[in-house]
Amino acid sequence: MYIIIAGAGSVGYSLAKILSYKHSVVVIDKDFDKLNTISEDLDILTIHGDIENPKTFTKLEIDEANLYIAVTNNDEANLLSTIIVDDVVNVQSKIVRLKNDSFLSSKILEKLSINFAVFPNLTTAKKVKALLEFPRLNNVKYFHQTSFKLASIIVDYKGDHRYLLSDILKGNIISVGIERDKNFEIVDNNFLLEKDDLLYLFGDIEEIREVAKKLNNFMPDIIKKVVIFGANELSQKIAKEILSKKIQIKIIDKDKKLCKEALQYLDGEVTVINSNFEDSQLFEEEGVDSADMVISTYLNDEKNIIKAIESKDLGVKKVVAINSDKDYYSLMHKLGLIVVRGPKAGAYYAILENISSSQIVTQRHYCGGAGVIFIRKIYSNSESIGKNIIELKIDSIKAILIRDNEIINISSDIFLKAGDTIALFGKIDKKDEMERWIYEL
């Protein structure tokens with residue numbers, strides 16, 4: 001595939017890095033420093049120029065491209081560039097990142113023949129909302145290639161009974177790792193679970209929900225009270241997504257202007273508290289200690305960590321911290337926080353997963369980056385159809401085939417069919433081997 005990426009920021013860089021593994025990628029930006037960083041790290045073509053100027057695209061010296069992805073920080077530039085690029089290059093598919101989600105209710109995207117638009121704050125808000133649907137689960141990850149999900153459960157139940165993994169792995173679920181004492185391992189079904197283990201399961205989410213009822217008696221059954229630290233645009237989107245008559249939501253922020261904006265955006269349906277002090281007295285007065293869930297949504301990861309730890313110290317069981325800087329991802333996880341990747345990371349994954357091609361492999365991290373997932377779907381136009389799965393010689397990973405909504409263990413006597421999905425789960429040190437194997441299918 002020939003892919004053009006407009007924007008060399010963190011999202012553009014991340015997309016270029018993974019897509020350039022097997023495809024021809026060119027990145028366009030008017031920032032020399034960002035382009036130099038990409039050129040030093042990746043073996044791809046970079047073009048200096050303004051995507052709102054038609055002359056920029058003539059530098060490509062091509063007639064056709066498979067995909068155009070506009071991920072600059074400017075909505076107008078991203079939209080306008082989809083028109084300009086069409087005048088110079090025949091683009092088969094177009095994807096844009098947009099901050100303003102009012103475009104969802106307009107016909108502009110359709111008129112511009114944009115195949116997919118990602119709205120980062122909305123994407124992150126929906127991920128937080130998913131946590132409310134499965135209160136006893138620690139975290140949940142969704143994949144567009146399959147209805148199966150990856151979920152983590154904190155082992156914390158009453159009584160002295162100890163479970164073998166084989167005791168709980170009934171039906172259409174598998175274990176894909178366990179974290180104990182901050183160490184992540186892929187274990188077999190004879191593994192004996194202990195209190196405070198963090199167990200990762202993949203498969204039918206309703207079956208995983210039943211397992212969680214056995215393994216965790218301390219997470220709330222229903223989320224009724226939510227406290228959100230931060231009144232920024234992201235927190236407003238989160239509150240809007242989870243707004244329900246059954247949920248009491250409080251937003252707390254020092255910024256008077258943001259509080260006013262949040263109150264207006266949410267039509268007064270949420271309690272918004274403007275306070276210059278966010279200390280233990282405020283926590284007590286506003287009932288933070290009685291919240292079923294606390295979500296810290298500041299753009300500063302360090303501040304999110306502080307608020308989340310303070311909430312855990314008060315006894316809140318389900319504490320969520322939004323992660324914007326990938327350097328803090330592992331730390332947040334090690335501190336026992338539920339980590340939801342912020343808008344930029346959310347946009348990256350949403351774009352990657354919506355390209356929908358047999359040639360594109362989805363790569364995700366879990367367990368604070370200690371684990372890695374590769375998922376590849378075999379579409380009807382794939383050259384892999386009819387080929388047998390090549391022998392897998394990688395130790396300590398879980399490899400499965402999903403066919404007709406059933407999990408099948410990988411073996412070399414299986415011949416691939418359209419609609420099949422292959423998934424690999426392993427430790428991060430196996431990443432390169434796993435990536436090579438799944439791309440060679």
# chains A, B, ... in the order shown; residues from 1 in each chain; ligands from 1
call {"tool": "residues_around", "arguments": {"residues": "A:Ile95", "least_positions_apart": "6", "cutoff": "7 Å", "atoms": "only C-alpha atoms", "output": "PyMOL selection string"}}
result
chain A and resi 68-70+114-117
call {"tool": "residues_around", "arguments": {"residues": "A:Thr72", "least_positions_apart": "5", "cutoff": "9 Å", "atoms": "only C-alpha atoms", "output": "ChimeraX atom specification"}}
result
/A:6-9,11-12,29,77-78,96-98
call {"tool": "residues_around", "arguments": {"residues": "A:Ile242", "least_positions_apart": "2", "cutoff": "10 Å", "atoms": "only C-alpha atoms", "output": "NGL selection string"}}
result
:A and (125-126 or 128-130 or 132 or 226 or 237-240 or 244-249)
call {"tool": "select_by_dssp", "arguments": {"residues": "stretch 133-185 of chain A", "states": "helix (DSSP H, G or I)", "output": "list in words"}}
result
Glu133, Leu165, Ser166, Asp167 and Ile168 of chain A
call {"tool": "write_last_selection", "arguments": {"atoms": "C-alpha atoms", "output": "PDB file, in the first residue's frame"}}
result
ATOM      1  CA  GLU A 133     -20.616  -1.545  31.894  1.00  0.00           C
ATOM      2  CA  LEU A 165      -6.671 -21.331  36.017  1.00  0.00           C
ATOM      3  CA  SER A 166      -8.128 -24.580  34.681  1.00  0.00           C
ATOM      4  CA  ASP A 167     -10.956 -24.211  37.240  1.00  0.00           C
ATOM      5  CA  ILE A 168     -12.194 -20.988  35.685  1.00  0.00           C
TER       6      ILE A 168
END
call {"tool": "closest_residue", "arguments": {"among": "A:Val372, A:Asp41, A:Ile5, A:Met293", "to": "A:Ile222", "atoms": "only C-alpha atoms"}}
result
A:Met293
call {"tool": "closest_residue", "arguments": {"among": "A:Ile186, A:Leu215, A:Val91, A:Ala231", "to": "A:His161", "atoms": "only C-alpha atoms"}}
result
A:Leu215
call {"tool": "closest_atom_pairs", "arguments": {"of": "stretch 95-170 of chain A", "to": "stretch 317-327 of chain A", "cutoff": "9 Å", "atoms": "only C-alpha atoms", "output": "tab-separated table"}}
result
residue	atom	partner	partner_atom	distance
A:Thr124	CA	A:Ile322	CA	8.8
A:Val128	CA	A:Val320	CA	8.3
A:Pro135	CA	A:Lys318	CA	8.2
A:Arg136	CA	A:Lys318	CA	8.9
A:Asn138	CA	A:Lys318	CA	7.7
call {"tool": "closest_residue", "arguments": {"among": "A:Ile223, A:Ile414, A:Leu198, A:Ile428", "to": "A:Leu243", "atoms": "only C-alpha atoms"}}
result
A:Ile223
call {"tool": "residues_around", "arguments": {"residues": "A:His48", "least_positions_apart": "3", "cutoff": "9 Å", "atoms": "only C-alpha atoms", "output": "list in words"}}
result
Val27, Ile28, Asp29, Lys30, Asp31, Phe32, Leu35 and Thr56 of chain A
call {"tool": "write_last_selection", "arguments": {"atoms": "N, CA and C atoms", "output": "JSON list (two decimals), in the first residue's frame"}}
result
[["chain", "number", "residue", "atom", "x", "y", "z"],
["A", 27, "VAL", "N", 5.31, 11.16, 4.91],
["A", 27, "VAL", "CA", 4.76, 12.06, 5.93],
["A", 27, "VAL", "C", 4.99, 13.50, 5.50],
["A", 28, "ILE", "N", 3.94, 14.31, 5.59],
["A", 28, "ILE", "CA", 4.00, 15.73, 5.20],
["A", 28, "ILE", "C", 3.77, 16.59, 6.43],
["A", 29, "ASP", "N", 4.61, 17.62, 6.58],
["A", 29, "ASP", "CA", 4.43, 18.58, 7.68],
["A", 29, "ASP", "C", 5.20, 19.84, 7.35],
["A", 30, "LYS", "N", 4.81, 20.98, 7.96],
["A", 30, "LYS", "CA", 5.54, 22.22, 7.75],
["A", 30, "LYS", "C", 6.53, 22.50, 8.87],
["A", 31, "ASP", "N", 6.68, 21.53, 9.78],
["A", 31, "ASP", "CA", 7.63, 21.66, 10.89],
["A", 31, "ASP", "C", 8.88, 20.83, 10.59],
["A", 32, "PHE", "N", 9.99, 21.52, 10.30],
["A", 32, "PHE", "CA", 11.24, 20.84, 9.95],
["A", 32, "PHE", "C", 11.72, 19.92, 11.06],
["A", 35, "LEU", "N", 9.84, 16.61, 11.16],
["A", 35, "LEU", "CA", 10.21, 15.77, 10.02],
["A", 35, "LEU", "C", 11.60, 15.19, 10.19],
["A", 56, "THR", "N", 2.23, 21.47, -2.47],
["A", 56, "THR", "CA", 2.84, 20.49, -1.56],
["A", 56, "THR", "C", 2.66, 19.07, -2.09]]
call {"tool": "residues_around", "arguments": {"residues": "stretch 375-387 of chain A", "least_positions_apart": "4", "cutoff": "6 Å", "atoms": "only C-alpha atoms", "output": "list in words"}}
result
Ser358, Val361, Thr362, Phe415, Leu416, Lys417, Ala418, Gly419, Asp420, Thr421, Ile422 and Ala423 of chain A
call {"tool": "atom_distance", "arguments": {"atom1": "atom CA of A:Cys259", "atom2": "atom CA of A:Asn276"}}
result
11.9 Å
